[in-house]
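Structure below is model_30.tsv: TSV, C-alpha atoms.
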```tsv
chain	number	residue	atom	x	y	z
N	1	MET	CA	10.18	9.83	13.42
N	2	VAL	CA	10.41	6.21	12.29
N	3	SER	CA	13.20	5.15	14.62
N	4	PRO	CA	10.85	3.18	16.94
N	5	TYR	CA	9.69	1.18	13.90
N	6	SER	CA	12.95	0.71	12.04
N	7	ASP	CA	16.47	-0.55	12.59
N	8	ASN	CA	19.34	1.02	10.68
N	9	ASN	CA	21.88	-1.20	12.44
N	10	ASP	CA	20.62	-4.53	11.09
N	11	ASP	CA	22.11	-5.50	7.74
N	12	LEU	CA	18.92	-7.15	6.52
N	13	ILE	CA	15.75	-6.14	8.37
N	14	PHE	CA	14.87	-2.45	8.27
N	15	TRP	CA	11.19	-2.20	9.25
N	16	ARG	CA	10.20	-3.46	12.70
N	17	LEU	CA	6.49	-2.72	12.74
N	18	PRO	CA	4.23	-3.58	15.67
N	19	GLU	CA	2.41	-6.86	15.20
N	20	ILE	CA	-0.54	-5.90	17.44
N	21	TYR	CA	-2.92	-2.94	17.18
N	22	LYS	CA	-5.45	-2.51	19.99
N	23	GLY	CA	-5.15	-6.14	21.05
N	24	GLU	CA	-5.59	-7.58	17.53
N	25	ASP	CA	-3.08	-8.87	14.98
N	26	ASP	CA	-1.94	-6.19	12.56
N	27	GLY	CA	-0.68	-7.60	9.31
N	28	ILE	CA	1.42	-10.68	8.79
N	29	SER	CA	4.78	-11.00	10.52
N	30	ILE	CA	7.28	-11.06	7.65
N	31	PRO	CA	10.76	-9.56	7.46
N	32	ILE	CA	10.88	-6.33	5.50
N	33	ILE	CA	14.34	-5.52	4.24
N	34	LEU	CA	15.38	-2.10	2.99
N	35	PRO	CA	13.58	1.14	3.85
N	36	ASP	CA	11.81	1.48	0.48
N	37	ASN	CA	10.61	-2.11	0.07
N	38	LEU	CA	7.08	-1.05	-0.88
N	39	ASP	CA	5.93	-4.44	-2.12
N	40	MET	CA	6.82	-6.23	1.11
N	41	LEU	CA	5.16	-3.48	3.17
N	42	TYR	CA	2.02	-3.96	1.06
N	43	GLN	CA	2.19	-7.74	1.36
N	44	ARG	CA	2.58	-7.51	5.14
N	45	GLY	CA	-0.76	-5.69	5.28
N	46	GLY	CA	-2.20	-3.95	8.29
N	47	ILE	CA	-2.41	-0.44	9.61
N	48	PHE	CA	1.27	0.00	10.38
N	49	SER	CA	2.30	-1.05	6.87
N	50	PHE	CA	0.03	1.59	5.37
N	51	ILE	CA	1.54	4.18	7.72
N	52	ALA	CA	5.06	3.12	6.70
N	53	ILE	CA	4.11	3.49	3.03
N	54	LEU	CA	2.61	6.90	3.79
N	55	TYR	CA	5.92	7.85	5.40
N	56	ILE	CA	7.74	6.86	2.18
N	57	VAL	CA	5.28	8.93	0.14
N	58	ARG	CA	5.98	12.00	2.28
N	59	ARG	CA	9.74	11.38	2.47
N	60	SER	CA	10.03	11.00	-1.31
N	61	GLU	CA	8.08	14.23	-1.74
N	62	SER	CA	10.42	16.10	0.60
N	63	GLU	CA	13.50	14.62	-1.11
N	64	GLY	CA	12.20	15.45	-4.59
N	65	ASP	CA	12.27	11.79	-5.68
N	66	ALA	CA	9.40	11.77	-8.19
N	67	TYR	CA	9.85	8.13	-9.21
N	68	LEU	CA	9.79	6.83	-5.62
N	69	HIS	CA	6.80	9.07	-4.91
N	70	LEU	CA	4.92	7.60	-7.87
N	71	GLU	CA	5.63	4.02	-6.78
N	72	ALA	CA	4.83	4.78	-3.14
N	73	VAL	CA	1.51	6.39	-4.09
N	74	LYS	CA	0.55	3.29	-6.10
N	75	HIS	CA	1.41	1.04	-3.16
N	76	ALA	CA	-0.49	3.31	-0.77
N	77	TYR	CA	-3.63	2.81	-2.86
N	78	LYS	CA	-2.98	-0.94	-2.91
N	79	SER	CA	-2.47	-0.95	0.85
N	80	PHE	CA	-5.30	1.43	1.74
N	81	PRO	CA	-7.93	-1.32	2.27
N	82	SER	CA	-5.68	-2.83	4.97
N	83	LEU	CA	-6.16	0.37	6.94
N	84	ALA	CA	-9.74	1.12	5.95
N	85	ARG	CA	-11.11	-2.34	6.83
N	86	HIS	CA	-10.20	-1.89	10.50
N	87	GLN	CA	-13.11	-1.04	12.79
N	88	ASP	CA	-11.47	2.24	13.85
N	89	PHE	CA	-11.34	3.48	10.25
N	90	ILE	CA	-14.15	1.76	8.32
N	91	GLY	CA	-16.65	4.53	9.09
N	92	HIS	CA	-14.24	7.23	7.92
N	93	TRP	CA	-12.43	5.60	5.02
N	94	GLN	CA	-13.77	8.02	2.40
N	95	ASP	CA	-12.49	11.06	4.33
N	96	ILE	CA	-9.13	9.38	4.95
N	97	LEU	CA	-8.85	8.54	1.25
N	98	LYS	CA	-9.65	12.14	0.28
N	99	ALA	CA	-6.95	13.35	2.67
N	100	PHE	CA	-4.46	10.94	1.12
N	101	GLN	CA	-5.42	12.12	-2.37
N	102	LEU	CA	-4.42	15.66	-1.35
N	103	ILE	CA	-0.99	14.31	-0.41
N	104	HIS	CA	-0.82	12.34	-3.68
N	105	LEU	CA	-1.56	15.45	-5.74
N	106	ARG	CA	1.32	17.46	-4.24
N	107	VAL	CA	3.81	15.95	-6.72
N	108	PRO	CA	2.90	16.77	-10.34
N	109	THR	CA	4.36	13.58	-11.83
N	110	SER	CA	2.24	11.36	-9.60
N	111	ALA	CA	-0.80	13.61	-10.04
N	112	LEU	CA	-0.57	13.31	-13.83
N	113	LEU	CA	0.23	9.59	-14.06
N	114	VAL	CA	-1.97	7.90	-11.41
N	115	GLN	CA	-5.48	8.24	-10.11
N	116	PRO	CA	-7.30	6.02	-7.64
N	117	ASP	CA	-10.06	3.68	-8.78
N	118	ILE	CA	-12.54	4.37	-6.00
N	119	ASP	CA	-14.89	1.55	-7.08
N	120	ILE	CA	-12.15	-1.08	-6.74
N	121	ILE	CA	-10.92	0.37	-3.45
N	122	LYS	CA	-14.49	0.29	-2.09
N	123	LYS	CA	-14.95	-3.30	-3.30
N	124	GLN	CA	-11.71	-4.37	-1.58
N	125	ILE	CA	-12.70	-2.64	1.66
N	126	GLU	CA	-16.13	-4.29	1.65
N	127	SER	CA	-15.00	-7.75	0.51
N	128	GLU	CA	-15.07	-10.63	2.96
N	129	HIS	CA	-11.36	-11.30	2.39
N	130	PHE	CA	-8.54	-8.99	1.37
N	131	ILE	CA	-5.35	-11.03	1.10
N	132	THR	CA	-2.18	-9.03	0.69
N	133	LEU	CA	0.48	-11.73	1.13
N	134	ARG	CA	1.08	-13.23	-2.31
N	135	GLU	CA	1.67	-16.78	-1.04
N	136	LEU	CA	-1.75	-16.85	0.66
N	137	ARG	CA	-3.71	-15.84	-2.44
N	138	PRO	CA	-5.38	-18.40	-4.70
N	139	ARG	CA	-3.51	-19.69	-7.73
N	140	HIS	CA	-4.66	-19.24	-11.29
N	141	PRO	CA	-6.01	-22.59	-12.55
N	142	LEU	CA	-4.01	-22.56	-15.81
N	143	THR	CA	-0.79	-20.73	-15.02
N	144	HIS	CA	-0.59	-21.72	-11.32
N	145	ARG	CA	0.69	-18.23	-10.55
N	146	PHE	CA	-0.59	-16.51	-7.44
N	147	GLU	CA	-3.46	-14.25	-8.41
N	148	ASP	CA	-3.03	-10.53	-7.83
N	149	ASN	CA	-5.57	-8.33	-6.16
N	150	GLU	CA	-7.31	-5.97	-8.54
N	151	THR	CA	-5.29	-2.83	-9.18
N	152	PRO	CA	-6.95	-0.01	-7.23
N	153	TYR	CA	-5.56	2.78	-9.39
N	154	LYS	CA	-5.47	3.76	-13.03
N	155	GLU	CA	-2.30	4.76	-14.83
N	156	ALA	CA	-2.12	7.31	-17.60
N	157	THR	CA	-1.57	5.93	-21.06
N	158	ILE	CA	-0.30	7.55	-24.22
N	159	PRO	CA	-2.38	6.65	-27.27
N	160	PHE	CA	-0.35	5.92	-30.36
N	161	ASN	CA	-1.81	6.11	-33.84
N	162	ASP	CA	-0.79	3.16	-35.96
```

Write-out of the structure in structure tokens:
Amino acid sequence: MVSPYSDNNDDLIFWRLPEIYKGEDDGISIPIILPDNLDMLYQRGGIFSFIAILYIVRRSESEGDAYLHLEAVKHAYKSFPSLARHQDFIGHWQDILKAFQLIHLRVPTSALLVQPDIDIIKKQIESEHFITLRELRPRHPLTHRFEDNETPYKEATIPFND
């Protein structure tokens, strides 16, 4: 299924995603090592990166890997605006997100621990710029660290009484 987009023979680079979608650039051309390198797939951005993350979500479900599923679901929500901002998907992003949520909810651990923040996802889809590659994001004025995009999901917390 992923063999046209991956390379098991290369010692370093696993994902070989198309750089063009319908005549336009898709994501940023960066090497993505290891099949489960979710952060680099997210940072690459673009439609094909979201699809690769979706593949990892489904694969981890089929393999019973609850931890990988949880992490892949979080990265899918982070990456979703990269897909939804494209002209082919912008008019249908809410339906696509609902379909993804049905996939998300198939694994109880992920269903209990993470839920999407639709307001943040919508804001990221509608924003003028959505920068996924860390090195291209603005730096914080005091810490000089690259600023993160807002987290488009909420994680469950356990309240402790002091």

Quiz item: Closest to Thr151 in chain N among N:Ser127, N:Ser79, N:Gln87, N:Thr109, using all atoms listed in the file?
Solution: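 Nearest candidate to Thr151 in chain N out of N:Ser127, N:Ser79, N:Gln87, N:Thr109: N:Ser79.
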
Quiz item: Pick the closest to Pro31 in chain N from N:Glu19, N:Ile53, N:Val107, N:Ala66: which is it, counting all atoms listed in the file?
Solution: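 Going through N:Glu19, N:Ile53, N:Val107, N:Ala66 one by one, the smallest distance to Pro31 in chain N is for N:Glu19.
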
For Ile118 in chain N, work out the shell of residues within 12 Å, counting all atoms listed in the file and skipping chain neighbours fewer than 5 positions away, then give it as a PDB file with C-alpha atoms, in the frame of the given file.
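Saved the output as out-v1.pdb:
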```pdb
ATOM      1  CA  TYR N  77      -3.630   2.810  -2.860  1.00  0.00           C
ATOM      2  CA  LYS N  78      -2.980  -0.940  -2.910  1.00  0.00           C
ATOM      3  CA  PHE N  80      -5.300   1.430   1.740  1.00  0.00           C
ATOM      4  CA  PRO N  81      -7.930  -1.320   2.270  1.00  0.00           C
ATOM      5  CA  TRP N  93     -12.430   5.600   5.020  1.00  0.00           C
ATOM      6  CA  GLN N  94     -13.770   8.020   2.400  1.00  0.00           C
ATOM      7  CA  LEU N  97      -8.850   8.540   1.250  1.00  0.00           C
ATOM      8  CA  LYS N  98      -9.650  12.140   0.280  1.00  0.00           C
ATOM      9  CA  GLN N 101      -5.420  12.120  -2.370  1.00  0.00           C
ATOM     10  CA  LYS N 123     -14.950  -3.300  -3.300  1.00  0.00           C
ATOM     11  CA  GLN N 124     -11.710  -4.370  -1.580  1.00  0.00           C
ATOM     12  CA  ILE N 125     -12.700  -2.640   1.660  1.00  0.00           C
ATOM     13  CA  GLU N 150      -7.310  -5.970  -8.540  1.00  0.00           C
ATOM     14  CA  THR N 151      -5.290  -2.830  -9.180  1.00  0.00           C
ATOM     15  CA  PRO N 152      -6.950  -0.010  -7.230  1.00  0.00           C
ATOM     16  CA  TYR N 153      -5.560   2.780  -9.390  1.00  0.00           C
ATOM     17  CA  LYS N 154      -5.470   3.760 -13.030  1.00  0.00           C
TER      18      LYS N 154
END
```

Self-check item: Interatomic distance, CA of Met40 in chain N to CA of Leu54 in chain N (Å, one decimal)
Solution: 14.0 Å

Quiz item: Between N:Arg44, N:Arg106, N:Lys122, N:His86, which is the closest to Glu61 in chain N once you count all atoms listed in the file?
Solution: N:Arg106

Quiz item: Skipping near chain neighbours, those fewer than 2 positions away, what residues fall within 8 Å of His69 in chain N using all atoms listed in the file, listed as a ChimeraX atom specification?
Solution: /N:56-58,60-61,65-67,71-73,107,110

Quiz item: Between CA of Leu113 in chain N and CA of Thr157 in chain N, what is the spacing in Å?
Solution: 8.1 Å

Quiz item: N:His92, N:Arg16, N:Tyr21, N:Ser29: which is nearest Ala52 in chain N, counting all atoms listed in the file?
Solution: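 When distances to Ala52 in chain N are compared using all atoms listed in the file, the smallest one comes from N:Arg16.
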
Quiz item: Pick the closest to Ala76 in chain N from N:Asp39, N:Asp25, N:Asp88, N:Glu147: which is it, counting all atoms listed in the file?
Solution: N:Asp39

Exercise. Take CA of Glu135 in chain N and CA of Leu34 in chain N and report the distance between them in Å, one decimal.
Key: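 Straight-line distance from CA of Glu135 in chain N to CA of Leu34 in chain N works out to 20.5 Å.
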
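Among the candidates N:Ile120, N:Leu102, N:Ala156, N:Ile28, the residue lying nearest to Leu133 in chain N is N:Ile28 (atoms considered: only C-alpha atoms).
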
Since the input is missing atoms for range 55-73 of chain N, could you rebuild it with N, CA and C atoms and give the result as a compact mmCIF listing (two decimals), in the frame of the given file?
```txt
# COMPACT_ATOMS: atom_id res chain seq x y z
N TYR N 55 4.65 7.20 5.07
CA TYR N 55 5.92 7.85 5.40
C TYR N 55 6.82 7.93 4.17
N ILE N 56 6.89 6.86 3.39
CA ILE N 56 7.74 6.86 2.18
C ILE N 56 7.20 7.85 1.15
N VAL N 57 5.88 7.94 1.04
CA VAL N 57 5.28 8.93 0.14
C VAL N 57 5.74 10.33 0.53
N ARG N 58 5.62 10.66 1.80
CA ARG N 58 5.98 12.00 2.28
C ARG N 58 7.49 12.25 2.19
N ARG N 59 8.28 11.22 2.53
CA ARG N 59 9.74 11.38 2.47
C ARG N 59 10.19 11.61 1.03
N SER N 60 9.64 10.84 0.09
CA SER N 60 10.03 11.00 -1.31
C SER N 60 9.61 12.37 -1.84
N GLU N 61 8.48 12.87 -1.36
CA GLU N 61 8.08 14.23 -1.74
C GLU N 61 9.11 15.25 -1.24
N SER N 62 9.48 15.13 0.02
CA SER N 62 10.42 16.10 0.60
C SER N 62 11.81 16.01 -0.02
N GLU N 63 12.18 14.81 -0.48
CA GLU N 63 13.50 14.62 -1.11
C GLU N 63 13.48 14.91 -2.61
N GLY N 64 12.30 15.17 -3.16
CA GLY N 64 12.20 15.45 -4.59
C GLY N 64 12.38 14.22 -5.47
N ASP N 65 12.11 13.04 -4.93
CA ASP N 65 12.27 11.79 -5.68
C ASP N 65 10.92 11.43 -6.32
N ALA N 66 10.69 11.94 -7.53
CA ALA N 66 9.40 11.77 -8.19
C ALA N 66 9.08 10.31 -8.50
N TYR N 67 10.10 9.54 -8.89
CA TYR N 67 9.85 8.13 -9.21
C TYR N 67 9.43 7.34 -7.96
N LEU N 68 10.16 7.52 -6.86
CA LEU N 68 9.79 6.83 -5.62
C LEU N 68 8.42 7.29 -5.16
N HIS N 69 8.12 8.56 -5.30
CA HIS N 69 6.80 9.07 -4.91
C HIS N 69 5.71 8.37 -5.71
N LEU N 70 5.90 8.26 -7.00
CA LEU N 70 4.92 7.60 -7.87
C LEU N 70 4.69 6.15 -7.42
N GLU N 71 5.77 5.42 -7.20
CA GLU N 71 5.63 4.02 -6.78
C GLU N 71 5.01 3.91 -5.39
N ALA N 72 5.38 4.81 -4.49
CA ALA N 72 4.83 4.78 -3.14
C ALA N 72 3.34 5.11 -3.14
N VAL N 73 2.93 6.05 -3.98
CA VAL N 73 1.51 6.39 -4.09
C VAL N 73 0.72 5.17 -4.59
```
